$ cat protein38.txt   # compact mmCIF, C-alpha atoms
# COMPACT_ATOMS: atom_id res chain seq x y z
CA MET A 1 5.49 -14.10 -8.69
CA ALA A 2 3.71 -16.33 -6.21
CA ALA A 3 1.92 -15.26 -3.07
CA PRO A 4 1.18 -18.20 -0.80
CA ASP A 5 -1.84 -16.66 0.94
CA LEU A 6 -3.90 -15.73 -2.12
CA PRO A 7 -7.28 -17.32 -2.74
CA PRO A 8 -7.47 -19.66 -5.74
CA GLY A 9 -7.44 -17.86 -9.08
CA TYR A 10 -5.85 -14.64 -7.82
CA LYS A 11 -2.40 -13.70 -9.07
CA LEU A 12 0.22 -11.33 -7.66
CA CYS A 13 2.42 -9.61 -10.24
CA ARG A 14 4.33 -6.43 -10.93
CA ALA A 15 2.19 -3.44 -11.85
CA THR A 16 3.42 -1.35 -14.78
CA LEU A 17 2.58 1.92 -16.47
CA LEU A 18 0.10 -0.07 -18.58
CA ASP A 19 -1.97 -0.54 -15.40
CA LEU A 20 -2.17 3.19 -14.69
CA ARG A 21 -5.74 3.77 -15.90
CA ALA A 22 -7.15 0.79 -14.02
CA LEU A 23 -5.19 1.73 -10.91
CA HIS A 24 -6.43 5.33 -11.08
CA ARG A 25 -10.06 4.16 -11.41
CA LEU A 26 -9.64 1.83 -8.44
CA GLU A 27 -7.94 4.53 -6.32
CA ARG A 28 -10.97 6.79 -6.89
CA VAL A 29 -13.36 4.01 -5.80
CA ILE A 30 -11.39 3.01 -2.71
CA PHE A 31 -10.25 6.49 -1.64
CA PRO A 32 -12.90 8.93 -2.92
CA ARG A 33 -11.54 11.77 -0.74
CA ASP A 34 -7.85 10.94 -1.02
CA ALA A 35 -7.19 9.35 -4.42
CA TYR A 36 -3.89 10.32 -5.93
CA PRO A 37 -4.23 12.45 -9.06
CA TYR A 38 -3.44 10.66 -12.32
CA PHE A 39 -0.10 12.45 -12.76
CA GLU A 40 1.09 11.58 -9.25
CA LEU A 41 0.19 7.92 -9.78
CA ALA A 42 2.15 7.99 -13.05
CA LEU A 43 5.19 9.22 -11.15
CA LEU A 44 5.07 6.07 -9.00
CA PHE A 45 5.96 4.12 -12.13
CA LEU A 46 8.67 6.52 -13.27
CA VAL A 47 10.58 7.22 -10.06
CA PRO A 48 13.32 4.72 -9.22
CA ARG A 49 13.13 2.84 -5.93
CA ILE A 50 9.34 2.49 -6.07
CA ILE A 51 7.85 -1.01 -5.96
CA ASN A 52 4.46 -1.41 -7.67
CA LEU A 53 2.54 -4.65 -7.31
CA LYS A 54 -0.98 -5.69 -8.20
CA ILE A 55 -3.31 -8.59 -7.63
CA VAL A 56 -5.31 -9.73 -10.62
CA ALA A 57 -8.69 -11.36 -9.93
CA PRO A 58 -9.77 -14.61 -11.57
CA ASP A 59 -11.80 -12.60 -14.11
CA GLY A 60 -8.70 -10.57 -15.09
CA SER A 61 -9.74 -7.37 -13.32
CA LEU A 62 -7.55 -5.39 -10.94
CA ALA A 63 -8.37 -6.63 -7.44
CA GLY A 64 -5.74 -4.70 -5.50
CA PHE A 65 -2.46 -2.82 -5.63
CA VAL A 66 0.37 -1.51 -3.52
CA SER A 67 3.13 1.02 -4.12
CA ALA A 68 6.06 1.18 -1.73
CA SER A 69 9.24 3.21 -1.63
CA ARG A 70 12.72 2.18 -0.64
CA GLY A 71 13.43 5.88 -0.22
CA LEU A 72 16.89 7.18 0.45
CA SER A 73 17.27 5.52 3.84
CA CYS A 74 18.73 2.06 4.30
CA GLU A 75 16.68 1.81 7.50
CA ARG A 76 13.11 2.54 6.47
CA GLY A 77 10.74 1.87 3.59
CA TRP A 78 7.27 3.37 3.13
CA ILE A 79 4.00 1.97 1.92
CA ILE A 80 2.77 4.82 -0.28
CA THR A 81 -0.64 3.46 -1.19
CA LEU A 82 -2.43 0.15 -0.79
CA GLY A 83 -5.96 -0.71 -1.79
CA VAL A 84 -8.28 -3.61 -2.50
CA ALA A 85 -11.39 -3.31 -4.63
CA PRO A 86 -14.57 -3.53 -2.53
CA ALA A 87 -15.72 -6.69 -4.33
CA HIS A 88 -12.48 -8.44 -3.33
CA GLN A 89 -12.07 -7.26 0.26
CA ARG A 90 -11.97 -9.60 3.26
CA ARG A 91 -10.08 -12.31 1.34
CA GLY A 92 -6.58 -11.60 2.65
CA LEU A 93 -5.50 -9.61 -0.41
CA GLY A 94 -4.44 -6.53 1.58
CA LYS A 95 -2.36 -8.70 3.87
CA ALA A 96 -0.77 -10.45 0.87
CA LEU A 97 0.05 -7.13 -0.81
CA LEU A 98 1.63 -5.80 2.40
CA ALA A 99 3.74 -8.93 2.83
CA ALA A 100 4.90 -8.85 -0.79
CA ALA A 101 5.85 -5.16 -0.59
CA GLU A 102 7.65 -5.61 2.76
CA ALA A 103 9.67 -8.52 1.35
CA ARG A 104 10.78 -6.47 -1.66
CA LEU A 105 11.60 -3.33 0.35
CA LYS A 106 14.39 -5.14 2.22
CA ARG A 107 14.46 -2.57 5.00
CA PRO A 108 14.51 -3.19 8.77
CA PHE A 109 11.48 -0.91 9.26
CA VAL A 110 8.44 -0.11 7.14
CA ARG A 111 6.08 2.81 7.74
CA LEU A 112 2.75 3.91 6.39
CA THR A 113 0.17 6.59 7.06
CA VAL A 114 -3.52 5.76 7.51
CA ARG A 115 -6.61 7.86 8.14
CA GLU A 116 -7.33 7.97 11.86
CA SER A 117 -10.94 6.91 11.16
CA ASN A 118 -10.04 3.96 8.90
CA LEU A 119 -10.51 1.34 11.59
CA PRO A 120 -10.59 -1.71 9.29
CA ALA A 121 -7.20 -0.74 7.81
CA ILE A 122 -5.75 0.07 11.23
CA ARG A 123 -6.87 -3.33 12.55
CA LEU A 124 -5.28 -5.08 9.55
CA TYR A 125 -2.00 -3.24 10.06
CA GLN A 126 -2.01 -4.04 13.78
CA ARG A 127 -2.72 -7.73 13.10
CA VAL A 128 0.37 -7.95 10.88
CA GLY A 129 2.65 -6.17 13.34
CA TYR A 130 2.37 -2.40 12.77
CA THR A 131 2.16 -0.06 15.75
CA VAL A 132 1.28 3.62 15.91
CA VAL A 133 4.44 5.70 16.22
CA GLY A 134 3.10 9.16 15.44
CA ARG A 135 0.22 11.31 14.30
CA HIS A 136 0.02 13.96 11.57
CA PRO A 137 -2.73 16.45 12.49
CA ALA A 138 -4.76 17.59 9.46
CA TYR A 139 -2.78 15.27 7.17
CA TYR A 140 -5.63 14.62 4.75
CA ARG A 141 -7.30 17.15 2.44
CA ASP A 142 -10.41 17.33 4.59
CA GLY A 143 -8.41 18.01 7.77
CA GLU A 144 -8.49 14.51 9.27
CA ALA A 145 -5.37 13.31 11.05
CA GLY A 146 -3.19 10.53 9.73
CA LEU A 147 -1.65 7.90 11.97
CA ILE A 148 1.94 6.93 11.24
CA MET A 149 2.37 3.21 11.76
CA GLU A 150 5.60 1.25 11.72
CA LYS A 151 6.61 -2.39 11.59
CA GLN A 152 9.98 -3.89 12.37
CA LEU A 153 10.60 -6.72 9.96
CA SER A 154 11.92 -9.72 11.85
CA ALA A 155 13.46 -11.23 8.70
CA ILE A 156 15.81 -8.25 8.45
CA ARG A 157 16.90 -8.14 12.11
CA GLY A 158 20.50 -8.89 12.73
CA GLN A 159 21.66 -8.20 9.19

$ encode --input "protein38.txt" --output "structure tokens"
Amino acid sequence: MAAPDLPPGYKLCRATLLDLRALHRLERVIFPRDAYPYFELALLFLVPRIINLKIVAPDGSLAGFVSASRGLSCERGWIITLGVAPAHQRRGLGKALLAAAEARLKRPFVRLTVRESNLPAIRLYQRVGYTVVGRHPAYYRDGEAGLIMEKQLSAIRGQ
């Protein structure tokens, strides 16, 4: 599975249940307040209509991951979780994971929720075409709001 915008040595591939421990460790590093519990992450690999992708670093470690849902709607997919290990950030991996998930969702619209204070993530999402379409007050465990962002996928328009 090729991703044209990956730095040399990085590889995009399907994540499987065998990646669960590494993914859980990385979730806790990236999202210390919001990491999904182990069981909920396991469900992402067991529930149909969920796309799980990872980027493997040149040294074989997990550099990043994304889980996305086709859901029950033919109109809208959701990015459930997306993260890049701190040592691998600012290399375009988040953008590559988003693009790969969007392509596999095959939906006219894709949504995600992001912490209102996560400005680097919000800027990335805006750069690739997401706009704020709503706000969930007290969405996160600590009471912070979540912004709902949406992107219309131009490749799907007109189908």

$ closest_residue --input "protein38.txt" --among "A:Gly64, A:Pro7, A:Pro120, A:Pro32" --to "Ala85 in chain A" --atoms "all atoms listed in the file"
A:Gly64

$ closest_residue --input "protein38.txt" --among "A:Val132, A:Leu124, A:Val110, A:Ile51" --to "Lys151 in chain A" --atoms "all atoms listed in the file"
A:Val110

$ residues_around --input "protein38.txt" --residues "Arg25 in chain A" --least-positions-apart "5" --cutoff "10 Å" --atoms "only C-alpha atoms" --output "ChimeraX atom specification"
/A:20,30,35,38,62

$ closest_residue --input "protein38.txt" --among "A:Gly146, A:Pro58, A:Gly71, A:Arg21" --to "Leu119 in chain A" --atoms "all atoms listed in the file"
A:Gly146

$ atom_distance --input "protein38.txt" --atom1 "CA of Pro137 in chain A" --atom2 "CA of Leu112 in chain A"
15.0 Å

$ residues_around --input "protein38.txt" --residues "Val84 in chain A" --least-positions-apart "2" --cutoff "10 Å" --atoms "all atoms listed in the file" --output "NGL selection string"
:A and (26-27 or 29-30 or 54-55 or 62-66 or 82 or 86-94 or 97)

$ write_last_selection --input "protein38.txt" --atoms "C-alpha atoms" --output "CSV table (one decimal), keeping the file's coordinate frame"
chain,number,residue,atom,x,y,z
A,26,LEU,CA,-9.6,1.8,-8.4
A,27,GLU,CA,-7.9,4.5,-6.3
A,29,VAL,CA,-13.4,4.0,-5.8
A,30,ILE,CA,-11.4,3.0,-2.7
A,54,LYS,CA,-1.0,-5.7,-8.2
A,55,ILE,CA,-3.3,-8.6,-7.6
A,62,LEU,CA,-7.6,-5.4,-10.9
A,63,ALA,CA,-8.4,-6.6,-7.4
A,64,GLY,CA,-5.7,-4.7,-5.5
A,65,PHE,CA,-2.5,-2.8,-5.6
A,66,VAL,CA,0.4,-1.5,-3.5
A,82,LEU,CA,-2.4,0.2,-0.8
A,86,PRO,CA,-14.6,-3.5,-2.5
A,87,ALA,CA,-15.7,-6.7,-4.3
A,88,HIS,CA,-12.5,-8.4,-3.3
A,89,GLN,CA,-12.1,-7.3,0.3
A,90,ARG,CA,-12.0,-9.6,3.3
A,91,ARG,CA,-10.1,-12.3,1.3
A,92,GLY,CA,-6.6,-11.6,2.6
A,93,LEU,CA,-5.5,-9.6,-0.4
A,94,GLY,CA,-4.4,-6.5,1.6
A,97,LEU,CA,0.0,-7.1,-0.8

$ closest_residue --input "protein38.txt" --among "A:Asn52, A:Leu17, A:Glu150, A:Arg104" --to "Phe39 in chain A" --atoms "all atoms listed in the file"
A:Leu17

$ residues_around --input "protein38.txt" --residues "Val133 in chain A" --least-positions-apart "6" --cutoff "8 Å" --atoms "all atoms listed in the file" --output "VMD selection string"
chain A and resid 147 to 150

$ residues_around --input "protein38.txt" --residues "Ala68 in chain A" --least-positions-apart "5" --cutoff "12 Å" --atoms "all atoms listed in the file" --output "MDAnalysis selection string"
chainID A and resid 15 44:45 47:54 76:82 97:107 110:113

$ residues_around --input "protein38.txt" --residues "range 139-143 of chain A" --least-positions-apart "2" --cutoff "8 Å" --atoms "only C-alpha atoms" --output "MDAnalysis selection string"
chainID A and resid 33:34 115 136:137 145:146

$ write_last_selection --input "protein38.txt" --atoms "C-alpha atoms" --output "CSV table (one decimal), keeping the file's coordinate frame"
chain,number,residue,atom,x,y,z
A,33,ARG,CA,-11.5,11.8,-0.7
A,34,ASP,CA,-7.8,10.9,-1.0
A,115,ARG,CA,-6.6,7.9,8.1
A,136,HIS,CA,0.0,14.0,11.6
A,137,PRO,CA,-2.7,16.4,12.5
A,145,ALA,CA,-5.4,13.3,11.0
A,146,GLY,CA,-3.2,10.5,9.7

$ closest_residue --input "protein38.txt" --among "A:Lys95, A:Asp19, A:Arg70, A:Tyr10" --to "Arg123 in chain A" --atoms "all atoms listed in the file"
A:Lys95

$ atom_distance --input "protein38.txt" --atom1 "CA of Thr16 in chain A" --atom2 "CA of Ala42 in chain A"
9.6 Å

$ closest_residue --input "protein38.txt" --among "A:Ala138, A:Leu23, A:Gln152, A:Arg127" --to "Ser61 in chain A" --atoms "only C-alpha atoms"
A:Leu23

$ atom_distance --input "protein38.txt" --atom1 "CA of Ala22 in chain A" --atom2 "CA of Asn118 in chain A"
23.3 Å

$ build_atoms --input "protein38.txt" --residues "range 11-43 of chain A" --atoms "N, CA and C atoms" --output "short mmCIF file (atom, residue, chain, number, x, y, z; two decimals), in the frame of the given file"
data_model
loop_
_atom_site.label_atom_id
_atom_site.label_comp_id
_atom_site.auth_asym_id
_atom_site.auth_seq_id
_atom_site.Cartn_x
_atom_site.Cartn_y
_atom_site.Cartn_z
N LYS A 11 -3.81 -13.68 -8.70
CA LYS A 11 -2.40 -13.70 -9.07
C LYS A 11 -1.72 -12.38 -8.69
N LEU A 12 -0.59 -12.48 -8.02
CA LEU A 12 0.22 -11.33 -7.66
C LEU A 12 1.27 -11.13 -8.74
N CYS A 13 1.40 -9.90 -9.24
CA CYS A 13 2.42 -9.61 -10.24
C CYS A 13 2.82 -8.14 -10.16
N ARG A 14 3.84 -7.81 -10.91
CA ARG A 14 4.33 -6.43 -10.93
C ARG A 14 3.33 -5.57 -11.69
N ALA A 15 3.04 -4.41 -11.15
CA ALA A 15 2.19 -3.44 -11.85
C ALA A 15 3.11 -2.56 -12.70
N THR A 16 2.63 -2.17 -13.87
CA THR A 16 3.42 -1.35 -14.78
C THR A 16 2.61 -0.12 -15.19
N LEU A 17 3.23 0.72 -15.96
CA LEU A 17 2.58 1.92 -16.47
C LEU A 17 1.32 1.57 -17.28
N LEU A 18 1.28 0.37 -17.84
CA LEU A 18 0.10 -0.07 -18.58
C LEU A 18 -1.11 -0.26 -17.67
N ASP A 19 -0.89 -0.37 -16.37
CA ASP A 19 -1.97 -0.54 -15.40
C ASP A 19 -2.48 0.79 -14.85
N LEU A 20 -1.89 1.89 -15.29
CA LEU A 20 -2.17 3.19 -14.69
C LEU A 20 -3.66 3.57 -14.71
N ARG A 21 -4.32 3.40 -15.83
CA ARG A 21 -5.74 3.77 -15.90
C ARG A 21 -6.59 2.96 -14.94
N ALA A 22 -6.38 1.65 -14.91
CA ALA A 22 -7.15 0.79 -14.02
C ALA A 22 -6.84 1.12 -12.56
N LEU A 23 -5.58 1.39 -12.28
CA LEU A 23 -5.19 1.73 -10.91
C LEU A 23 -5.82 3.06 -10.49
N HIS A 24 -5.84 4.03 -11.39
CA HIS A 24 -6.43 5.33 -11.08
C HIS A 24 -7.94 5.18 -10.81
N ARG A 25 -8.62 4.39 -11.63
CA ARG A 25 -10.06 4.16 -11.41
C ARG A 25 -10.29 3.52 -10.05
N LEU A 26 -9.48 2.52 -9.72
CA LEU A 26 -9.64 1.83 -8.44
C LEU A 26 -9.31 2.74 -7.27
N GLU A 27 -8.28 3.55 -7.38
CA GLU A 27 -7.94 4.53 -6.32
C GLU A 27 -9.15 5.42 -6.03
N ARG A 28 -9.83 5.88 -7.08
CA ARG A 28 -10.97 6.79 -6.89
C ARG A 28 -12.15 6.08 -6.23
N VAL A 29 -12.29 4.78 -6.45
CA VAL A 29 -13.36 4.01 -5.80
C VAL A 29 -13.02 3.78 -4.33
N ILE A 30 -11.80 3.37 -4.07
CA ILE A 30 -11.39 3.01 -2.71
C ILE A 30 -11.19 4.25 -1.83
N PHE A 31 -10.59 5.28 -2.40
CA PHE A 31 -10.25 6.49 -1.64
C PHE A 31 -10.91 7.72 -2.27
N PRO A 32 -12.22 7.82 -2.22
CA PRO A 32 -12.90 8.93 -2.92
C PRO A 32 -12.42 10.32 -2.49
N ARG A 33 -12.02 10.47 -1.23
CA ARG A 33 -11.54 11.77 -0.74
C ARG A 33 -10.04 11.97 -0.92
N ASP A 34 -9.31 10.87 -1.08
CA ASP A 34 -7.85 10.94 -1.02
C ASP A 34 -7.13 10.34 -2.22
N ALA A 35 -7.83 10.00 -3.27
CA ALA A 35 -7.19 9.35 -4.42
C ALA A 35 -6.08 10.23 -4.98
N TYR A 36 -4.98 9.60 -5.29
CA TYR A 36 -3.89 10.32 -5.93
C TYR A 36 -4.34 10.80 -7.31
N PRO A 37 -3.96 12.00 -7.69
CA PRO A 37 -4.23 12.45 -9.06
C PRO A 37 -3.49 11.57 -10.06
N TYR A 38 -3.99 11.52 -11.27
CA TYR A 38 -3.44 10.66 -12.32
C TYR A 38 -1.93 10.88 -12.48
N PHE A 39 -1.51 12.14 -12.55
CA PHE A 39 -0.10 12.45 -12.76
C PHE A 39 0.77 11.91 -11.63
N GLU A 40 0.31 12.06 -10.39
CA GLU A 40 1.09 11.58 -9.25
C GLU A 40 1.19 10.06 -9.25
N LEU A 41 0.12 9.38 -9.66
CA LEU A 41 0.19 7.92 -9.78
C LEU A 41 1.19 7.54 -10.87
N ALA A 42 1.20 8.27 -11.97
CA ALA A 42 2.15 7.99 -13.05
C ALA A 42 3.58 8.09 -12.55
N LEU A 43 3.83 9.06 -11.68
CA LEU A 43 5.19 9.22 -11.15
C LEU A 43 5.64 7.98 -10.36
#
